[in-house]
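Participant: Sending over start-v8.txt (compact mmCIF, C-alpha atoms).
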```
# COMPACT_ATOMS: atom_id res chain seq x y z
CA MET A 1 75.94 44.84 86.16
CA ALA A 2 79.57 43.87 86.91
CA ALA A 3 80.25 41.96 90.10
CA VAL A 4 81.98 43.79 92.90
CA PRO A 5 85.50 42.32 93.24
CA SER A 6 86.09 40.25 96.34
CA PRO A 7 89.15 38.38 97.66
CA ALA A 8 89.84 35.01 96.08
CA PRO A 9 89.11 31.83 98.07
CA CYS A 10 92.78 31.35 99.03
CA LEU A 11 92.54 34.53 101.14
CA HIS A 12 89.49 33.25 103.00
CA SER A 13 91.78 30.86 104.88
CA VAL A 14 93.50 33.78 106.65
CA ARG A 15 92.34 36.65 108.87
CA ALA A 16 94.94 39.29 107.97
CA VAL A 17 97.28 40.19 105.11
CA VAL A 18 100.76 41.72 105.26
CA PHE A 19 102.02 43.39 102.08
CA ASP A 20 105.57 44.22 101.10
CA THR A 21 105.76 47.83 99.89
CA ASP A 22 108.27 48.33 97.07
CA GLY A 23 107.23 46.35 94.02
CA VAL A 24 103.98 45.09 95.55
CA ILE A 25 102.15 48.28 96.58
CA THR A 26 104.28 51.08 95.14
CA ASP A 27 106.01 50.99 91.77
CA SER A 28 109.28 52.14 93.29
CA ALA A 29 111.47 49.07 92.88
CA ARG A 30 112.87 50.43 89.61
CA SER A 31 113.93 53.64 91.32
CA HIS A 32 115.63 51.65 94.08
CA ALA A 33 117.43 49.52 91.47
CA ALA A 34 118.56 52.59 89.52
CA ALA A 35 119.98 54.19 92.67
CA TRP A 36 121.78 50.98 93.55
CA LYS A 37 123.26 50.77 90.07
CA LYS A 38 124.84 54.22 90.33
CA ALA A 39 126.15 53.53 93.83
CA PHE A 40 127.57 50.11 92.98
CA ASP A 41 128.97 51.04 89.57
CA ALA A 42 131.02 53.84 91.16
CA CYS A 43 132.54 51.20 93.42
CA LEU A 44 132.99 48.55 90.70
CA SER A 45 134.68 51.00 88.32
CA GLU A 46 137.55 51.31 90.79
CA ARG A 47 138.30 47.58 90.50
CA GLU A 48 139.61 45.94 87.34
CA GLY A 49 137.62 43.15 85.73
CA GLN A 50 134.31 43.99 87.36
CA ARG A 51 131.21 44.13 85.18
CA PRO A 52 128.55 46.75 86.00
CA PHE A 53 125.67 46.07 88.38
CA ASP A 54 122.69 44.49 86.62
CA PRO A 55 119.56 46.36 87.82
CA VAL A 56 117.42 43.29 87.14
CA ASP A 57 119.31 40.11 87.98
CA ASP A 58 121.75 41.48 90.58
CA TYR A 59 119.02 43.55 92.19
CA LEU A 60 116.62 40.63 92.54
CA ARG A 61 119.23 38.16 93.78
CA HIS A 62 121.21 40.26 96.21
CA VAL A 63 119.46 43.51 97.11
CA ASP A 64 115.68 43.33 96.72
CA GLY A 65 113.85 43.14 100.05
CA ARG A 66 116.95 43.62 102.19
CA SER A 67 117.99 46.60 104.28
CA ARG A 68 120.43 49.02 102.63
CA HIS A 69 123.40 47.71 104.58
CA ASP A 70 122.52 44.04 104.10
CA GLY A 71 121.86 44.55 100.39
CA ALA A 72 125.15 46.37 99.88
CA ALA A 73 127.06 43.71 101.82
CA ALA A 74 125.40 40.82 99.95
CA PHE A 75 126.09 42.23 96.49
CA LEU A 76 129.68 43.24 97.21
CA ALA A 77 130.36 39.79 98.66
CA SER A 78 128.91 38.20 95.50
CA ARG A 79 131.60 40.02 93.51
CA GLY A 80 134.35 39.03 95.92
CA LEU A 81 134.83 42.60 97.17
CA ASP A 82 135.90 42.64 100.81
CA LEU A 83 135.24 46.26 101.81
CA PRO A 84 135.50 47.33 105.45
CA ASP A 85 132.07 47.46 107.03
CA GLY A 86 132.56 51.02 108.30
CA SER A 87 129.85 52.65 110.41
CA PRO A 88 126.33 54.01 109.86
CA ASP A 89 127.76 57.54 110.02
CA ASP A 90 130.03 57.06 106.98
CA PRO A 91 129.41 59.70 104.27
CA PRO A 92 128.34 58.55 100.78
CA GLY A 93 131.21 56.98 98.87
CA THR A 94 132.91 53.72 97.89
CA ALA A 95 135.37 53.01 100.72
CA THR A 96 133.11 50.99 103.03
CA VAL A 97 129.90 48.98 102.90
CA TRP A 98 128.09 51.69 104.84
CA ALA A 99 129.45 54.38 102.49
CA VAL A 100 128.06 52.57 99.45
CA ALA A 101 124.72 52.16 101.22
CA ALA A 102 124.75 55.87 102.10
CA ARG A 103 125.36 56.78 98.46
CA LYS A 104 122.38 54.70 97.42
CA GLU A 105 120.25 56.43 100.06
CA GLU A 106 121.36 59.83 98.79
CA LEU A 107 120.49 58.96 95.19
CA PHE A 108 117.10 57.44 96.03
CA THR A 109 116.15 60.40 98.20
CA GLU A 110 116.87 62.74 95.29
CA THR A 111 114.55 60.67 93.08
CA LEU A 112 111.85 60.63 95.75
CA ARG A 113 111.84 64.41 95.94
CA THR A 114 111.52 64.94 92.19
CA HIS A 115 109.21 62.13 91.04
CA ARG A 116 105.63 61.22 91.88
CA VAL A 117 104.80 58.01 93.73
CA ASP A 118 103.20 55.45 91.43
CA VAL A 119 101.17 52.53 92.78
CA TRP A 120 100.09 49.22 91.31
CA PRO A 121 96.33 49.42 90.51
CA GLY A 122 95.73 45.71 91.07
CA THR A 123 97.11 45.92 94.59
CA VAL A 124 94.98 48.97 95.33
CA ARG A 125 91.85 47.11 94.20
CA LEU A 126 92.78 44.19 96.44
CA LEU A 127 93.32 46.51 99.40
CA HIS A 128 89.87 48.04 98.92
CA ALA A 129 88.28 44.59 98.65
CA LEU A 130 89.99 43.42 101.85
CA ARG A 131 88.94 46.60 103.63
CA SER A 132 85.32 46.06 102.57
CA GLU A 133 85.47 42.62 104.20
CA ARG A 134 87.13 44.06 107.32
CA THR A 135 90.31 42.06 106.81
CA PRO A 136 93.12 43.96 108.56
CA CYS A 137 96.20 44.73 106.47
CA ALA A 138 99.73 45.85 107.22
CA ALA A 139 102.60 47.12 105.09
CA VAL A 140 106.21 46.08 105.60
CA SER A 141 109.44 47.32 104.07
CA ALA A 142 113.16 47.28 104.72
CA SER A 143 113.18 50.85 103.36
CA CYS A 144 113.07 53.83 105.69
CA HIS A 145 110.95 55.64 103.08
CA ALA A 146 107.98 53.26 103.07
CA THR A 147 105.71 55.29 105.34
CA GLU A 148 106.42 58.44 103.34
CA LEU A 149 105.75 56.63 100.05
CA LEU A 150 102.42 55.24 101.28
CA SER A 151 101.37 58.63 102.65
CA ARG A 152 102.19 60.44 99.42
CA ALA A 153 100.32 57.77 97.47
CA GLY A 154 97.22 58.29 99.61
CA LEU A 155 97.21 54.69 100.85
CA ILE A 156 98.41 55.00 104.43
CA GLY A 157 94.83 54.78 105.71
CA GLN A 158 94.44 51.30 104.22
CA PHE A 159 96.81 49.82 106.78
CA GLY A 160 96.36 49.02 110.43
CA ALA A 161 100.13 48.89 110.83
CA VAL A 162 103.27 49.88 108.93
CA VAL A 163 106.63 48.37 109.88
CA ASP A 164 109.33 50.12 107.86
CA GLY A 165 113.09 50.44 108.09
CA ASN A 166 112.83 53.13 110.74
CA GLU A 167 110.78 50.86 112.98
CA ALA A 168 113.09 47.93 112.28
CA ARG A 169 116.07 49.99 113.42
CA ARG A 170 114.24 51.30 116.51
CA LEU A 171 113.18 47.81 117.59
CA GLY A 172 116.37 46.03 116.51
CA LEU A 173 114.50 43.76 114.10
CA ALA A 174 116.58 41.58 111.79
CA GLY A 175 116.09 42.09 108.06
CA LYS A 176 114.72 39.65 105.50
CA PRO A 177 115.03 36.70 105.02
CA ASP A 178 114.53 36.73 108.79
CA PRO A 179 110.74 36.92 109.38
CA ALA A 180 110.98 39.53 112.18
CA LEU A 181 109.42 42.40 110.16
CA PHE A 182 106.41 40.30 109.16
CA VAL A 183 106.00 38.83 112.62
CA GLU A 184 105.95 42.33 114.13
CA ALA A 185 103.34 43.44 111.57
CA ALA A 186 101.08 40.49 112.41
CA ARG A 187 101.55 41.18 116.12
CA ARG A 188 100.41 44.78 115.64
CA LEU A 189 97.33 43.57 113.76
CA GLY A 190 96.58 41.18 116.62
CA VAL A 191 96.46 38.11 114.38
CA PRO A 192 98.63 34.95 114.73
CA VAL A 193 101.12 34.40 111.90
CA SER A 194 99.42 31.09 111.11
CA ASP A 195 96.27 33.08 110.25
CA THR A 196 98.10 35.78 108.27
CA ALA A 197 99.06 35.94 104.60
CA VAL A 198 102.25 37.54 103.25
CA VAL A 199 102.33 39.11 99.77
CA GLU A 200 105.92 39.60 98.55
CA ASP A 201 107.86 40.05 95.32
CA SER A 202 111.40 39.55 96.64
CA LEU A 203 113.07 36.19 97.12
CA ALA A 204 114.27 37.23 100.57
CA GLY A 205 110.76 38.32 101.55
CA VAL A 206 109.12 35.12 100.36
CA GLU A 207 111.71 33.12 102.29
CA ALA A 208 110.95 35.24 105.36
CA GLY A 209 107.24 34.49 105.10
CA HIS A 210 107.95 30.78 104.79
CA ARG A 211 110.41 30.77 107.70
CA GLY A 212 107.92 32.63 109.86
CA GLY A 213 105.23 29.98 109.45
CA PHE A 214 102.69 32.32 107.87
CA GLY A 215 99.42 30.76 106.79
CA LEU A 216 99.79 31.78 103.14
CA VAL A 217 102.79 33.12 101.25
CA VAL A 218 102.02 34.77 97.90
CA GLY A 219 104.91 35.45 95.54
CA VAL A 220 104.56 38.30 93.03
CA ASP A 221 106.41 37.88 89.73
CA ARG A 222 105.76 41.08 87.79
CA ALA A 223 108.54 40.59 85.25
CA GLY A 224 107.43 37.12 84.23
CA GLY A 225 111.00 36.30 83.27
CA PRO A 226 112.39 32.78 83.05
CA GLY A 227 112.98 31.22 86.42
CA LYS A 228 111.62 33.92 88.76
CA ALA A 229 108.36 32.12 89.52
CA ALA A 230 110.25 28.87 90.13
CA ASP A 231 112.70 30.70 92.41
CA LEU A 232 109.81 32.19 94.41
CA ARG A 233 108.28 28.73 94.85
CA ARG A 234 111.61 27.26 95.91
CA ARG A 235 111.94 29.97 98.56
CA GLY A 236 108.52 29.09 99.96
CA ALA A 237 105.73 30.77 97.96
CA ASP A 238 102.49 28.79 98.15
CA ILE A 239 101.20 30.50 95.02
CA VAL A 240 102.72 32.92 92.49
CA VAL A 241 100.82 35.68 90.69
CA SER A 242 101.94 38.32 88.22
CA ASP A 243 99.92 40.97 90.10
CA PRO A 244 98.06 40.95 93.44
CA GLY A 245 94.93 41.92 91.49
CA GLU A 246 94.78 38.27 90.47
CA LEU A 247 93.79 37.53 94.05
CA LEU A 248 90.35 39.00 93.30
CA ILE A 249 87.26 37.40 91.84
CA GLY A 250 84.65 39.37 89.91
CA ASN A 251 87.46 41.67 88.70
CA ASP A 252 86.58 41.91 85.01
```
Translate this structure into structure tokens?

Facilitator:
Amino acid sequence: MAAVPSPAPCLHSVRAVVFDTDGVITDSARSHAAAWKKAFDACLSEREGQRPFDPVDDYLRHVDGRSRHDGAAAFLASRGLDLPDGSPDDPPGTATVWAVAARKEELFTETLRTHRVDVWPGTVRLLHALRSERTPCAAVSASCHATELLSRAGLIGQFGAVVDGNEARRLGLAGKPDPALFVEAARRLGVPVSDTAVVEDSLAGVEAGHRGGFGLVVGVDRAGGPGKAADLRRRGADIVVSDPGELLIGND
């Protein structure tokens, strides 16, 4: 008879776990990257000498884990594009940072309405194992769609708290790599950050976990490409896995 999976020993040193959403729980990072590519390429095509947005490298280095505005600003700055910041009410377009962010939001929302929400099976198994051991879990995301994604995926009940982009805006929480989102999630679970683990796939998110003094920071490198695991460790990951399911034992 196969053993029932249980959390690996490294998780026994903490009393709660905070998960990033996109790329760790839901398989939605590719949809985010595709929406960013269309939004950024429309802007880049208006400037001579600009190569298109790379949905892998550019996404991971400048956008992944950040709020829409911060991601747009970081990428445009990396290309030397000094767009006016604009305002959150700017319509989708290419004239301001907020307009580019709004275009990305428009594109991603269209995808969300027409495609199912996929989840990572290894993460789901880990969530069930943690729940069976009564380890409280929270989900965090810079995206305003995280709660909707988790609800549609049937996973919202696995979490004692969800701190998404809507909550971040309401509370005035700074985005990653600032640890504010993770700290708020731990606070809602009633567990000190020193006794809480963070599971993240973005460089900004791993850095946030490290800055926040969390007891364990797990980096997730799904692509397995050259350098990503090393980058995650440099930003503060204590361990790096290719899937959170690796944080289980008896998972044959």

Participant: Can you tell me how far atom CA of Ser202 of chain A sits from atom CA of Gly49 of chain A, in Å to one decimal?

Facilitator: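 Distance reported for this atom pair: 28.6 Å.
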
Participant: Identify which of the residues A:Lys228, A:Val124, A:Ser13, A:Ala102 lies closest to Asp89 of chain A, counting all atoms listed in the file when measuring atom-to-atom distances.

Facilitator: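 Of A:Lys228, A:Val124, A:Ser13, A:Ala102, the one nearest Asp89 of chain A, counting all atoms listed in the file, is A:Ala102.
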
Participant: Neighbours of segment 158-166 of chain A within 12 Å (all atoms listed in the file; same-chain residues fewer than 5 positions away dropped), as a ChimeraX atom specification?

Facilitator: /A:16-22,25,65-69,123-132,134-151,153,171-176,180-191

Participant: Quick one: residues within 6 Å of segment 72-84 of chain A, only C-alpha atoms counted, chain neighbours fewer than 3 positions away excluded, as a list in words?

Facilitator: His62, His69, Thr96 and Ala101 of chain A

Participant: Interatomic distance between atom CA of Glu106 of chain A and atom CA of Ala34 of chain A?

Facilitator: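 Computed distance, atom CA of Glu106 of chain A to atom CA of Ala34 of chain A, equals 12.1 Å.
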
Participant: (120.8, 39.4, 93.8) in this file's frame - what residues fall within 10 Å of it? Use all atoms listed in the file and give the answer as a PyMOL selection string.

Facilitator: chain A and resi 53-64+71+74-75+78+202-204

Participant: Would you output that residue set with C-alpha atoms, as a PDB file, in the frame of the given file?

Facilitator:
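Dumped to result-v6.pdb:
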```
ATOM      1  CA  PHE A  53     125.670  46.070  88.380  1.00  0.00           C
ATOM      2  CA  ASP A  54     122.690  44.490  86.620  1.00  0.00           C
ATOM      3  CA  PRO A  55     119.560  46.360  87.820  1.00  0.00           C
ATOM      4  CA  VAL A  56     117.420  43.290  87.140  1.00  0.00           C
ATOM      5  CA  ASP A  57     119.310  40.110  87.980  1.00  0.00           C
ATOM      6  CA  ASP A  58     121.750  41.480  90.580  1.00  0.00           C
ATOM      7  CA  TYR A  59     119.020  43.550  92.190  1.00  0.00           C
ATOM      8  CA  LEU A  60     116.620  40.630  92.540  1.00  0.00           C
ATOM      9  CA  ARG A  61     119.230  38.160  93.780  1.00  0.00           C
ATOM     10  CA  HIS A  62     121.210  40.260  96.210  1.00  0.00           C
ATOM     11  CA  VAL A  63     119.460  43.510  97.110  1.00  0.00           C
ATOM     12  CA  ASP A  64     115.680  43.330  96.720  1.00  0.00           C
ATOM     13  CA  GLY A  71     121.860  44.550 100.390  1.00  0.00           C
ATOM     14  CA  ALA A  74     125.400  40.820  99.950  1.00  0.00           C
ATOM     15  CA  PHE A  75     126.090  42.230  96.490  1.00  0.00           C
ATOM     16  CA  SER A  78     128.910  38.200  95.500  1.00  0.00           C
ATOM     17  CA  SER A 202     111.400  39.550  96.640  1.00  0.00           C
ATOM     18  CA  LEU A 203     113.070  36.190  97.120  1.00  0.00           C
ATOM     19  CA  ALA A 204     114.270  37.230 100.570  1.00  0.00           C
TER      20      ALA A 204
END
```

Participant: I'd like the interatomic distance between atom CA of Gly209 of chain A and atom CA of Asp118 of chain A, to a tenth of an Å.

Facilitator: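 Between atom CA of Gly209 of chain A and atom CA of Asp118 of chain A the gap is 25.3 Å.
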
Participant: Report as lines of an AutoDock Vina configuration file the centre and the edge lengths, in Å to one decimal, of the axis-aligned box holding every listed atom of segment 35-44 of chain A, padded by 8 Å on each side.

Facilitator:
```
center_x = 126.5
center_y = 51.4
center_z = 91.7
size_x = 29.0
size_y = 21.7
size_z = 20.3
```

Participant: What's the 9 Å shell around segment 232-247 of chain A, counting all atoms listed in the file, without same-chain residues fewer than 5 positions away, as a PyMOL selection string?

Facilitator: chain A and resi 6-11+24-25+120-126+199-211+216-224+227

Participant: Would you mind exporting the chosen residues as a PDB file, in the coordinates of the input, restricted to C-alpha atoms?

Facilitator:
```
ATOM      1  CA  SER A   6      86.090  40.250  96.340  1.00  0.00           C
ATOM      2  CA  PRO A   7      89.150  38.380  97.660  1.00  0.00           C
ATOM      3  CA  ALA A   8      89.840  35.010  96.080  1.00  0.00           C
ATOM      4  CA  PRO A   9      89.110  31.830  98.070  1.00  0.00           C
ATOM      5  CA  CYS A  10      92.780  31.350  99.030  1.00  0.00           C
ATOM      6  CA  LEU A  11      92.540  34.530 101.140  1.00  0.00           C
ATOM      7  CA  VAL A  24     103.980  45.090  95.550  1.00  0.00           C
ATOM      8  CA  ILE A  25     102.150  48.280  96.580  1.00  0.00           C
ATOM      9  CA  TRP A 120     100.090  49.220  91.310  1.00  0.00           C
ATOM     10  CA  PRO A 121      96.330  49.420  90.510  1.00  0.00           C
ATOM     11  CA  GLY A 122      95.730  45.710  91.070  1.00  0.00           C
ATOM     12  CA  THR A 123      97.110  45.920  94.590  1.00  0.00           C
ATOM     13  CA  VAL A 124      94.980  48.970  95.330  1.00  0.00           C
ATOM     14  CA  ARG A 125      91.850  47.110  94.200  1.00  0.00           C
ATOM     15  CA  LEU A 126      92.780  44.190  96.440  1.00  0.00           C
ATOM     16  CA  VAL A 199     102.330  39.110  99.770  1.00  0.00           C
ATOM     17  CA  GLU A 200     105.920  39.600  98.550  1.00  0.00           C
ATOM     18  CA  ASP A 201     107.860  40.050  95.320  1.00  0.00           C
ATOM     19  CA  SER A 202     111.400  39.550  96.640  1.00  0.00           C
ATOM     20  CA  LEU A 203     113.070  36.190  97.120  1.00  0.00           C
ATOM     21  CA  ALA A 204     114.270  37.230 100.570  1.00  0.00           C
ATOM     22  CA  GLY A 205     110.760  38.320 101.550  1.00  0.00           C
ATOM     23  CA  VAL A 206     109.120  35.120 100.360  1.00  0.00           C
ATOM     24  CA  GLU A 207     111.710  33.120 102.290  1.00  0.00           C
ATOM     25  CA  ALA A 208     110.950  35.240 105.360  1.00  0.00           C
ATOM     26  CA  GLY A 209     107.240  34.490 105.100  1.00  0.00           C
ATOM     27  CA  HIS A 210     107.950  30.780 104.790  1.00  0.00           C
ATOM     28  CA  ARG A 211     110.410  30.770 107.700  1.00  0.00           C
ATOM     29  CA  LEU A 216      99.790  31.780 103.140  1.00  0.00           C
ATOM     30  CA  VAL A 217     102.790  33.120 101.250  1.00  0.00           C
ATOM     31  CA  VAL A 218     102.020  34.770  97.900  1.00  0.00           C
ATOM     32  CA  GLY A 219     104.910  35.450  95.540  1.00  0.00           C
ATOM     33  CA  VAL A 220     104.560  38.300  93.030  1.00  0.00           C
ATOM     34  CA  ASP A 221     106.410  37.880  89.730  1.00  0.00           C
ATOM     35  CA  ARG A 222     105.760  41.080  87.790  1.00  0.00           C
ATOM     36  CA  ALA A 223     108.540  40.590  85.250  1.00  0.00           C
ATOM     37  CA  GLY A 224     107.430  37.120  84.230  1.00  0.00           C
ATOM     38  CA  GLY A 227     112.980  31.220  86.420  1.00  0.00           C
TER      39      GLY A 227
END
```

Participant: Within 7 Å of Ser194 of chain A, counting all atoms listed in the file, which residues show up once you throw out same-chain ones fewer than 4 positions away? Write them as a list in words, please.

Facilitator: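 Using all atoms listed in the file, the neighbours found are Gly213, Phe214 and Gly215 of chain A.
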